[in-house]
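Worksheet for the structure shown next.
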Amino acid sequence: MGAGLFKAAQFRIAGDSGLLVEYGDSIHPDVNHKVRSMSIILETERIHGIKEIIPTYRSILVVYNPLIITPLSLKCRLSDLENRLSEIEIPPPKRIEIPVYYGGSFGPDIGFVATTHSLSEEEVIRIHSQPDYLIYMVGFTPGFPFLGGLPDILHTPRLETPRIQVPAGSVGIANAQTGIYPVTSPGGWRLIGRTPLRLFDKNRKDPILYKAGDRIRFKPISESEYQRLAVEQKNL
Amino acid sequence: MRDAFRVVTPGPYLTVQDQGRFGYQKMGIPISGALDFFSFTVANHLVGNPLESALFEITILGPHLEVLSEMDVALTGAEMEMSVNSIPVERWSSIRVKSGDILTIGQARSGCRGYLAVSGGIEVSHVMGSRSTYVGGELGGYEGRPLKKGDLIRCGKKKVLDRPRHLSESAIPRYPQEILLKAIPGPQDDFFDEGSALFFTSPFLVTPKADRMGYRLKGPLIPLKSGVPKSIISEPAMPGAVQIPADQQPIILLLEQTVGGYAKIATVVTPDISKIAQATPGDTIRFESVSLEIAHELFREDHQRRLKIINTLSGL
């Protein structure tokens, strides 16, 4: 049994059309794995009356139509599925490589991150692009991935005053988390680089390139590679 | 498709909305859609549209529109004066307009949001299954933004009604400045003890920070009980969830918000979201605690009430 994982799911009432199903009480890969498995099963089962399934760090918010299904029968179906979890094959998570041009005007805070931890900018790039990061949750803005697994040596506090506009594609650090801004939005994370990939495209069949539970790895690229990929993205 | 309107002046915040965008919250895309679902439903049925149709959501002050073809329109929701070529016309009724007419909608005298439906529904592309505008994500609606002077609005093809439709006087909602909202404790009601008692007995003022993302309220401080964490692991919230952030002043989360990091003391019942949509800064809100069973009873009654109105309007 993994750290922080509950023996049995705990239910919280989220209004007349929402049931919050919690599988653990901490941010831990084992808890998130359970969330991912249950979300995949729920989406395959297509239970009549369920309108939406939203996975989070450690829980699933199930949105239902109370005219069609009662919370009691919903809980029964969920517990039943949880018991059958071991019999069901869960597809492995996707691994996505995100090319990033680190530093310069695309990563204006890389110098701050480096000096805070007495590292060189090259070391920051090397350490940040090493791990396979787990996408715990997607939210805040369309396609924003909350990534876990940032090495301790790079943990850096947020900006005192958030920027009014963070350009789309910016890669940032906020304490123990790292993430990417898929659309231009306000934000307070320390920016260390930028990806030329269009992470969110409302007109694409899959508007975002990944789901909660998938893994992301950053690949350092040169400025000329960034420009080449940026042009390629535009012509897609 | 045909031309419906040219926007002469849009007013402060005019957007295209439908029932909302479902199934994309897991990607960080909020539901959006008409905030006052009752007024939305009635407006569409007054002009003979199915519920899937899109209409205008008007905030505080209405637009001036040049009419470009013959059609029926209907205004519901907030009490805003509507006129055709400067001649006042009824709200909560279908109104026949023709090419060249100027449709003017005034300032809200009570309530906050008006809903203007047009025969055939407003035609904009579906984005992820919905025509609703999500301004924060610049998607849906008309170019993902509130309307501007000069915009050309198209609507679906549809014959005008055989006979006009009206909502009966007794079914028209009133928008008092003292609002009572029924709310179910939770999902984190266990984070509060005396805070809960205070929340369900005190009046709260609607502040000017009130929009489609959420309504910030001002009232007595609602403390967390001792020993619980100051924030929770971020999670999505249902529309109507009342979050208590660090400043201990409640925020009712609405349709353009997906994730929150503070404990939610209660969640307003679905039928009462329409009341929040019509609340304006300075109004007073009180919360009444109801059980989930009662809330589901209210949900069914509200559904039946709308069905009955729809059937009466369609002459069934």
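Identifiers in the structure tokens: chain A, B, ... in order shown; residue index from 1 per chain; ligand index from 1 in order shown.
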
With a cut-off of 9 Å and counting only C-alpha atoms, select all residues of chain A in contact with chain B and give the selection as an NGL selection string.
:A and (11-20 or 25-27 or 51-61 or 63 or 66-67 or 137-145 or 183 or 185 or 202-203 or 207-208 or 210-212)

Worksheet item: Could you pull out all residues of stretch 94-160 of chain A with a DSSP call of helix (DSSP H, G or I) and give them as a ChimeraX atom specification?
Response: /A:104-106,110-116,121-128,152-154

Now that the selection is made, can you save its residues with C-alpha atoms as a short mmCIF file (atom, residue, chain, number, x, y, z; two decimals), in the first residue's frame?
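Dumped to again.cif:
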```
data_model
loop_
_atom_site.label_atom_id
_atom_site.label_comp_id
_atom_site.auth_asym_id
_atom_site.auth_seq_id
_atom_site.Cartn_x
_atom_site.Cartn_y
_atom_site.Cartn_z
CA GLY A 104 17.71 34.18 -22.52
CA SER A 105 14.60 36.30 -22.94
CA PHE A 106 12.48 33.09 -23.01
CA ILE A 110 16.88 31.22 -14.93
CA GLY A 111 19.62 33.44 -13.50
CA PHE A 112 17.66 33.88 -10.26
CA VAL A 113 17.06 30.12 -9.97
CA ALA A 114 20.78 29.45 -10.61
CA THR A 115 22.12 31.98 -8.06
CA THR A 116 19.53 30.97 -5.41
CA GLU A 121 22.60 28.10 -15.70
CA GLU A 122 23.90 25.02 -17.55
CA GLU A 123 23.47 22.96 -14.36
CA VAL A 124 19.90 24.23 -13.92
CA ILE A 125 19.14 23.15 -17.49
CA ARG A 126 20.77 19.75 -17.03
CA ILE A 127 18.95 19.04 -13.72
CA HIS A 128 15.55 20.31 -14.94
CA ASP A 152 14.84 19.43 -4.46
CA ILE A 153 17.83 21.50 -5.56
CA LEU A 154 15.61 23.48 -7.97
#
```

For the strand (DSSP E or B) assignment from backbone DSSP, which residues of stretch 18-188 of chain A qualify? Please present them as a ChimeraX atom specification.
/A:18-24,50-55,59-64,95-102,133-138,145-148,156,163-166,170-175,177-180,185-187

Kindly save the residues from that selection, with C-alpha atoms included, as a CSV table (one decimal), in the first residue's frame.
```csv
chain,number,residue,atom,x,y,z
A,18,GLY,CA,-21.2,16.4,-7.7
A,19,LEU,CA,-19.6,13.6,-5.7
A,20,LEU,CA,-15.9,14.0,-4.7
A,21,VAL,CA,-14.3,10.6,-4.5
A,22,GLU,CA,-11.0,10.7,-2.6
A,23,TYR,CA,-8.4,7.9,-2.9
A,24,GLY,CA,-5.7,9.5,-0.6
A,50,ILE,CA,-22.5,10.6,-15.2
A,51,LYS,CA,-21.9,13.9,-17.0
A,52,GLU,CA,-18.3,14.5,-16.4
A,53,ILE,CA,-15.3,12.9,-14.7
A,54,ILE,CA,-12.5,15.2,-13.5
A,55,PRO,CA,-9.3,13.7,-12.1
A,59,SER,CA,-9.5,12.5,-6.0
A,60,ILE,CA,-12.1,12.4,-8.8
A,61,LEU,CA,-14.9,14.8,-9.1
A,62,VAL,CA,-17.9,12.9,-10.6
A,63,VAL,CA,-20.5,15.2,-12.0
A,64,TYR,CA,-23.9,13.5,-12.3
A,95,ARG,CA,5.5,9.8,-22.4
A,96,ILE,CA,5.8,13.2,-24.1
A,97,GLU,CA,9.0,15.0,-24.9
A,98,ILE,CA,8.7,18.8,-24.7
A,99,PRO,CA,11.5,20.7,-26.5
A,100,VAL,CA,12.6,23.8,-24.5
A,101,TYR,CA,14.9,26.6,-25.3
A,102,TYR,CA,16.2,27.5,-21.8
A,133,TYR,CA,7.7,14.4,-14.5
A,134,LEU,CA,4.3,13.1,-13.5
A,135,ILE,CA,1.3,15.2,-14.7
A,136,TYR,CA,-0.8,15.2,-11.4
A,137,MET,CA,-3.5,17.4,-12.7
A,138,VAL,CA,-4.5,19.6,-15.7
A,145,PRO,CA,-0.1,20.7,-16.4
A,146,PHE,CA,0.8,20.5,-12.7
A,147,LEU,CA,4.0,18.5,-12.7
A,148,GLY,CA,5.5,16.6,-9.7
A,156,THR,CA,12.3,28.1,-5.9
A,163,ARG,CA,3.5,38.9,-14.1
A,164,ILE,CA,0.4,40.3,-15.8
A,165,GLN,CA,1.3,38.4,-19.0
A,166,VAL,CA,3.2,35.2,-19.3
A,170,SER,CA,6.7,29.4,-20.9
A,171,VAL,CA,8.2,26.8,-18.6
A,172,GLY,CA,8.2,27.8,-14.9
A,173,ILE,CA,9.0,26.7,-11.4
A,174,ALA,CA,6.9,27.4,-8.2
A,175,ASN,CA,8.3,25.8,-5.1
A,177,GLN,CA,6.3,22.2,-8.8
A,178,THR,CA,7.2,22.8,-12.4
A,179,GLY,CA,4.7,23.4,-15.2
A,180,ILE,CA,4.1,25.0,-18.6
A,185,SER,CA,-2.1,34.3,-19.0
A,186,PRO,CA,-1.1,36.1,-15.8
A,187,GLY,CA,1.3,34.0,-13.6
```

Pairwise distance, atom CA of A:Met38 with atom CA of A:Asp206, equals 21.0 Å

One residue among B:Pro203, B:Gly144, B:Gly214, B:Gly111 is nearest to B:Gln278 when using only C-alpha atoms, and that residue is B:Gly111

Residue with the minimum atom-to-atom distance to B:His166, picked from B:Ile273, B:Ala4, B:Ala43, B:Leu35 with only C-alpha atoms counted, is B:Ala43

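The space between atom CA of A:Tyr226 and atom CA of A:Asp132 spans 21.4 Å.
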
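Within 10 Å of B:Ser196, once only C-alpha atoms are used and residues closer than 2 positions along the same chain are dropped, the contacting residues are Pro185, Asp189, Asp190, Phe191, Phe192, Asp193, Glu194, Leu198, Phe199, Phe200, Thr201, Ile222, Pro223, Leu224, Lys225, Ile265, Ala266 and Ser289 of chain B.
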
| For A:Ile90, which of A:Ala168, A:Ile41, A:Leu191, A:Ala230 is the closest residue, counting only C-alpha atoms? |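 Result for the nearest residue to A:Ile90: A:Ile41.
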
Quiz item: Residues at most 8 Å from B:Ala277, counting only C-alpha atoms, excluding those fewer than 6 positions away in the same chain, as number ranges by chain?
Solution: B: 35-36, 112-113

Now that the selection is made, can you save its residues with C-alpha atoms as an mmCIF file, in the first residue's frame?
```cif
data_model
loop_
_atom_site.group_PDB
_atom_site.id
_atom_site.type_symbol
_atom_site.label_atom_id
_atom_site.label_comp_id
_atom_site.auth_asym_id
_atom_site.auth_seq_id
_atom_site.Cartn_x
_atom_site.Cartn_y
_atom_site.Cartn_z
ATOM 1 C CA LEU B 35 -25.472 31.847 -15.788
ATOM 2 C CA ASP B 36 -29.261 32.124 -15.301
ATOM 3 C CA CYS B 112 -28.173 41.848 -13.341
ATOM 4 C CA ARG B 113 -28.315 39.688 -16.490
#
```

Using only C-alpha atoms, the shortest atom-to-atom distance to B:Lys157 among B:Gly48, B:Ser119, B:Ser86, B:Glu143 belongs to B:Ser119
